[in-house]
>>> print(open('data_30.cif').read())   # mmCIF, C-alpha atoms
data_start
loop_
_atom_site.label_atom_id
_atom_site.label_comp_id
_atom_site.auth_asym_id
_atom_site.auth_seq_id
_atom_site.Cartn_x
_atom_site.Cartn_y
_atom_site.Cartn_z
CA MET A 1 133.02 -17.69 106.99
CA SER A 2 130.35 -16.68 109.44
CA HIS A 3 127.51 -17.13 106.93
CA GLN A 4 125.21 -19.97 107.87
CA PRO A 5 123.37 -21.85 105.15
CA PRO A 6 119.56 -21.65 105.31
CA LYS A 7 117.90 -24.32 107.45
CA GLY A 8 117.38 -27.63 105.75
CA LEU A 9 120.15 -27.12 103.22
CA PRO A 10 123.44 -29.01 103.39
CA SER A 11 126.44 -26.98 104.54
CA ARG A 12 128.32 -25.88 101.46
CA PRO A 13 131.24 -23.45 101.13
CA LEU A 14 130.19 -19.94 100.15
CA SER A 15 131.98 -17.49 97.89
CA PRO A 16 134.75 -16.29 98.14
CA PHE A 17 136.04 -19.55 99.65
CA MET A 18 138.19 -20.12 96.54
CA LEU A 19 140.42 -17.15 97.32
CA GLY A 20 143.54 -18.00 99.30
CA GLN A 21 143.22 -21.77 99.70
CA TYR A 22 142.42 -23.11 96.26
CA TYR A 23 142.70 -20.27 93.75
CA ARG A 24 146.04 -20.20 92.00
CA PHE A 25 147.32 -16.72 91.25
CA GLN A 26 147.61 -16.00 87.50
CA LEU A 27 149.48 -13.25 85.70
CA THR A 28 146.80 -13.01 83.00
CA SER A 29 143.93 -12.23 85.39
CA LEU A 30 146.09 -9.74 87.31
CA LEU A 31 146.94 -7.90 84.07
CA SER A 32 143.27 -7.86 83.07
CA PHE A 33 142.38 -6.39 86.46
CA ALA A 34 145.21 -3.86 86.15
CA HIS A 35 143.93 -2.78 82.73
CA ARG A 36 140.59 -1.70 84.17
CA LEU A 37 142.16 -0.15 87.28
CA THR A 38 144.66 1.90 85.25
CA GLY A 39 141.80 2.88 82.94
CA ILE A 40 139.83 4.33 85.87
CA GLY A 41 142.98 6.03 87.17
CA LEU A 42 143.70 7.51 83.77
CA SER A 43 140.20 9.00 83.56
CA VAL A 44 140.96 10.91 86.76
CA GLY A 45 144.44 11.72 85.40
CA THR A 46 142.97 13.12 82.18
CA PHE A 47 140.82 15.49 84.25
CA LEU A 48 144.00 16.69 86.00
CA LEU A 49 145.65 17.17 82.62
CA ALA A 50 142.59 19.20 81.61
CA ALA A 51 143.06 21.35 84.72
CA TRP A 52 146.73 21.89 83.75
CA LEU A 53 145.73 23.24 80.31
CA ILE A 54 142.85 25.31 81.71
CA THR A 55 145.17 27.01 84.23
CA LEU A 56 147.60 27.61 81.37
CA ALA A 57 144.86 29.60 79.62
CA GLY A 58 144.16 31.38 82.94
CA GLY A 59 147.54 33.12 83.04
CA PRO A 60 150.86 32.88 84.90
CA GLU A 61 149.37 33.13 88.41
CA ALA A 62 146.77 30.39 87.98
CA TYR A 63 149.35 28.24 86.22
CA GLY A 64 151.92 28.80 88.95
CA LEU A 65 149.47 27.67 91.64
CA PHE A 66 148.83 24.44 89.76
CA ALA A 67 152.41 23.77 88.62
CA LYS A 68 153.64 24.20 92.21
CA HIS A 69 151.82 20.96 93.11
CA LEU A 70 153.07 19.13 90.02
CA THR A 71 156.71 19.85 90.82
CA ALA A 72 156.33 19.00 94.52
CA TRP A 73 157.40 15.51 95.61
CA TYR A 74 153.81 14.22 95.82
CA GLY A 75 153.06 15.68 92.39
CA GLN A 76 156.10 13.95 90.93
CA ILE A 77 155.04 10.61 92.46
CA LEU A 78 151.54 11.11 91.05
CA LEU A 79 152.96 11.96 87.62
CA PHE A 80 155.20 8.89 87.78
CA CYS A 81 152.21 6.65 88.56
CA TRP A 82 150.20 8.41 85.85
CA SER A 83 152.91 7.89 83.22
CA TRP A 84 153.26 4.18 84.04
CA ALA A 85 149.47 3.70 84.12
CA LEU A 86 149.16 5.37 80.71
CA LEU A 87 151.98 3.36 79.14
CA TYR A 88 150.77 0.10 80.70
CA HIS A 89 147.20 0.73 79.49
CA LEU A 90 148.62 1.60 76.05
CA CYS A 91 150.78 -1.55 75.79
CA ASN A 92 148.07 -3.84 77.16
CA GLY A 93 145.57 -2.06 74.89
CA ILE A 94 147.63 -3.15 71.88
CA ARG A 95 147.49 -6.71 73.31
CA HIS A 96 143.69 -6.34 73.50
CA LEU A 97 143.55 -5.14 69.87
CA GLY A 98 145.41 -8.33 68.91
CA TRP A 99 142.76 -10.42 70.68
CA ASP A 100 140.06 -8.40 68.88
CA ILE A 101 141.36 -9.67 65.54
CA GLY A 102 141.55 -13.19 66.98
CA LYS A 103 145.31 -13.38 67.58
CA GLY A 104 147.25 -14.42 70.68
CA TYR A 105 144.71 -16.56 72.54
CA GLU A 106 147.03 -19.57 73.01
CA LEU A 107 148.00 -19.90 76.67
CA LYS A 108 151.72 -19.65 75.92
CA THR A 109 151.24 -16.55 73.73
CA ALA A 110 148.93 -14.90 76.27
CA TYR A 111 151.65 -15.25 78.94
CA ALA A 112 154.45 -14.15 76.60
CA THR A 113 152.57 -11.00 75.54
CA GLY A 114 151.63 -10.42 79.20
CA TYR A 115 155.29 -10.36 80.28
CA ALA A 116 156.13 -8.24 77.22
CA VAL A 117 153.50 -5.68 78.28
CA VAL A 118 154.88 -5.45 81.84
CA ILE A 119 158.50 -5.10 80.67
CA GLY A 120 157.60 -2.81 77.75
CA SER A 121 155.60 -0.43 79.93
CA LEU A 122 158.44 -0.23 82.47
CA ILE A 123 161.03 0.49 79.74
CA LEU A 124 158.83 3.20 78.20
CA THR A 125 158.22 4.77 81.64
CA ALA A 126 161.98 4.79 82.31
CA ALA A 127 162.52 6.41 78.88
CA VAL A 128 159.97 9.16 79.60
CA TRP A 129 161.57 10.01 82.95
CA ALA A 130 165.05 9.85 81.45
CA VAL A 131 163.92 12.50 78.93
CA ALA A 132 162.42 14.59 81.75
CA TYR A 133 165.40 14.45 84.09
CA ALA A 134 168.30 14.18 81.63
CA LYS A 135 167.96 17.82 80.64
CA MET B 1 116.81 -22.68 63.81
CA SER B 2 117.39 -19.14 64.97
CA MET B 3 114.67 -17.53 67.06
CA ARG B 4 115.68 -14.13 65.75
CA SER B 5 113.40 -12.52 63.16
CA PRO B 6 114.89 -11.93 59.69
CA LEU B 7 114.54 -8.16 60.20
CA GLY B 8 116.30 -8.27 63.59
CA GLN B 9 119.05 -10.36 62.08
CA ALA B 10 119.51 -7.93 59.18
CA ARG B 11 119.68 -4.94 61.52
CA GLY B 12 122.17 -6.72 63.79
CA LEU B 13 121.49 -4.41 66.73
CA GLY B 14 120.75 -7.06 69.40
CA SER B 15 118.68 -6.63 72.55
CA ALA B 16 120.37 -3.37 73.60
CA LYS B 17 119.52 -1.80 70.18
CA ASP B 18 123.10 -0.60 69.96
CA GLY B 19 124.79 -3.38 68.02
CA THR B 20 128.58 -3.23 68.07
CA HIS B 21 128.76 0.58 68.09
CA HIS B 22 130.26 0.98 71.59
CA PHE B 23 132.78 -1.80 70.98
CA TRP B 24 133.79 -0.32 67.63
CA VAL B 25 134.24 3.33 68.67
CA GLN B 26 136.20 2.21 71.76
CA ARG B 27 138.63 0.43 69.40
CA ILE B 28 138.83 3.36 66.96
CA SER B 29 139.67 5.80 69.77
CA ALA B 30 142.18 3.27 71.18
CA VAL B 31 144.02 3.03 67.86
CA ALA B 32 144.06 6.84 67.56
CA LEU B 33 145.40 7.17 71.11
CA VAL B 34 148.46 4.95 70.55
CA PRO B 35 150.46 7.60 68.62
CA LEU B 36 148.71 10.57 70.31
CA ALA B 37 149.42 9.41 73.88
CA LEU B 38 153.04 8.54 73.07
CA TRP B 39 153.50 11.98 71.49
CA PHE B 40 151.93 13.62 74.55
CA VAL B 41 153.96 11.91 77.29
CA PHE B 42 157.27 12.44 75.52
CA SER B 43 156.42 16.08 74.70
CA VAL B 44 155.50 16.80 78.31
CA ALA B 45 158.69 15.06 79.46
CA HIS B 46 160.60 17.46 77.20
CA LEU B 47 158.81 20.39 78.85
CA ALA B 48 159.78 19.22 82.35
CA GLY B 49 161.09 22.07 84.46
CA GLY B 50 159.72 24.64 82.04
CA ASP B 51 157.82 27.67 83.32
CA PHE B 52 154.50 29.19 82.19
CA TYR B 53 156.01 31.02 79.21
CA MET B 54 157.79 27.95 77.90
CA VAL B 55 154.62 25.82 78.08
CA ARG B 56 152.55 28.61 76.48
CA HIS B 57 155.11 28.95 73.71
CA TRP B 58 154.81 25.19 73.11
CA VAL B 59 150.98 25.26 72.86
CA HIS B 60 151.22 28.36 70.64
CA ALA B 61 152.63 26.37 67.72
CA PRO B 62 149.74 25.37 65.39
CA SER B 63 150.99 21.79 64.94
CA VAL B 64 151.13 21.32 68.73
CA ALA B 65 147.72 22.94 69.33
CA ILE B 66 146.08 20.75 66.67
CA THR B 67 147.65 17.52 67.97
CA LEU B 68 146.78 18.53 71.54
CA VAL B 69 143.10 19.05 70.63
CA LEU B 70 143.07 15.67 68.84
CA PHE B 71 144.63 14.01 71.90
CA ILE B 72 142.18 15.64 74.34
CA ALA B 73 139.18 14.71 72.18
CA ALA B 74 140.29 11.09 71.70
CA ALA B 75 141.36 10.64 75.34
CA LEU B 76 138.15 12.04 76.83
CA TYR B 77 135.96 10.11 74.37
CA HIS B 78 137.81 6.88 75.20
CA SER B 79 137.60 7.71 78.92
CA MET B 80 133.84 8.32 78.65
CA LEU B 81 133.34 4.96 76.91
CA GLY B 82 135.45 3.14 79.51
CA ILE B 83 133.80 4.69 82.57
CA GLN B 84 130.40 3.89 80.99
CA VAL B 85 131.32 0.17 80.98
CA VAL B 86 132.53 0.36 84.59
CA ILE B 87 129.22 1.96 85.66
CA GLU B 88 127.18 -0.61 83.71
CA ASP B 89 129.21 -3.47 85.22
CA TYR B 90 129.24 -2.51 88.89
CA ILE B 91 126.12 -0.44 89.59
CA GLY B 92 123.11 -2.71 90.01
CA ASN B 93 120.43 -0.22 90.99
CA GLU B 94 118.73 0.98 87.81
CA GLY B 95 118.13 4.56 89.00
CA THR B 96 121.67 5.08 90.30
CA LYS B 97 123.02 3.56 87.10
CA ILE B 98 121.08 5.95 84.83
CA VAL B 99 122.14 8.97 86.94
CA GLY B 100 125.74 7.72 86.81
CA LEU B 101 125.63 7.25 83.04
CA LEU B 102 124.22 10.75 82.53
CA LEU B 103 126.77 12.36 84.86
CA ASN B 104 129.55 10.46 83.08
CA LYS B 105 128.49 11.85 79.69
CA PHE B 106 127.91 15.41 80.94
CA LEU B 107 131.15 15.59 82.92
CA HIS B 108 133.26 14.37 80.01
CA ALA B 109 131.53 16.77 77.60
CA ILE B 110 132.11 19.74 79.95
CA VAL B 111 135.78 18.86 80.51
CA ALA B 112 136.36 18.25 76.78
CA VAL B 113 134.82 21.56 75.67
CA SER B 114 136.56 23.54 78.45
CA THR B 115 139.97 22.04 77.73
CA ILE B 116 139.74 22.46 73.95
CA PHE B 117 138.59 26.06 74.50
CA ALA B 118 141.60 26.62 76.80
CA VAL B 119 144.02 25.24 74.21
CA LEU B 120 142.51 27.41 71.46
CA LYS B 121 142.64 30.47 73.71
CA VAL B 122 146.37 29.93 74.32
CA ALA B 123 147.08 28.99 70.69
CA LEU B 124 145.17 31.93 69.16
CA GLY B 125 146.13 34.49 71.83
CA SER B 126 149.03 36.87 71.44
#
>>> encode(input="data_30.cif", output="structure tokens")
Amino acid sequence: MSHQPPKGLPSRPLSPFMLGQYYRFQLTSLLSFAHRLTGIGLSVGTFLLAAWLITLAGGPEAYGLFAKHLTAWYGQILLFCWSWALLYHLCNGIRHLGWDIGKGYELKTAYATGYAVVIGSLILTAAVWAVAYAK
Amino acid sequence: MSMRSPLGQARGLGSAKDGTHHFWVQRISAVALVPLALWFVFSVAHLAGGDFYMVRHWVHAPSVAITLVLFIAAALYHSMLGIQVVIEDYIGNEGTKIVGLLLNKFLHAIVAVSTIFAVLKVALGS
């Protein structure tokens, strides 16, 4: 780090010196971080969903202009990310509701439910896209 | 001995004068969104590849329109509460924070009313 401690003070490591060398990566903190990130992403996604319904009320032309982007490759990637983000936030949200009633705080349980959330959200996402493409 | 006055303790609103209201309504909307969001993603997956008329026909059904309005209301309310926490957590400057909090509320209200109006227009239209 280029930061120099103020004169007269002993040289001590400054934040974020823990990252990289000493900080051990944990699934639980990553999932917590992902919960907030997917939440922010879903807020934006909900606005896009709102635009979808508003163009639907606008008539076939307005709807066609919007739907063209949704069915394009980048729209499909966006929708895929959106569906996983929603299902992850939903599964991890249930985990949070468990904590709210005081359940699942043991380290072993917190990891087990963490893995369950990752796997569950992936299975649900696969199920949604199977429904969409199996027709 | 608690430093809190008996009246303050009875009210239970704390220093922010809001008590547990934000926490509680965030949980209520979360519980409501579990079935609503699952219904929505799987319904939209079913609609995949459908054109304007197919989607309009779907929204036209009263049961769909009602559930859609419930989903939009719960999702945007939950979104507003979540973004509020993000703004409170990461924006230090008091002025910017208040502007952000106001914009967050206004934007969500505008989007919620517009979207619900759009759904009703499709559902009640011919």
>>> resolve_selection(input="data_30.cif", expression="the PyMOL selection byres ((chain A) within 8 of (chain B))", output="PyMOL selection string")
chain A and resi 39-40+42-43+46-47+50-51+53-54+56-57+60+63-64+83+86+90+93+97+128-129+131-133
>>> closest_residue(input="data_30.cif", among="A:Arg12, A:Leu31, A:Leu78, A:Trp52", to="Ala116 (chain A)", atoms="only C-alpha atoms")
A:Leu31
>>> atom_distance(input="data_30.cif", atom1="CA of Leu102 (chain B)", atom2="CA of Gln84 (chain B)")
9.4 Å
>>> residues_around(input="data_30.cif", residues="Gly114 (chain A)", least_positions_apart="2", cutoff="9 Å", atoms="all atoms listed in the file", output="JSON, numbers by chain")
{"A": [27, 28, 31, 92, 95, 109, 110, 111, 112, 116, 117, 118, 119]}
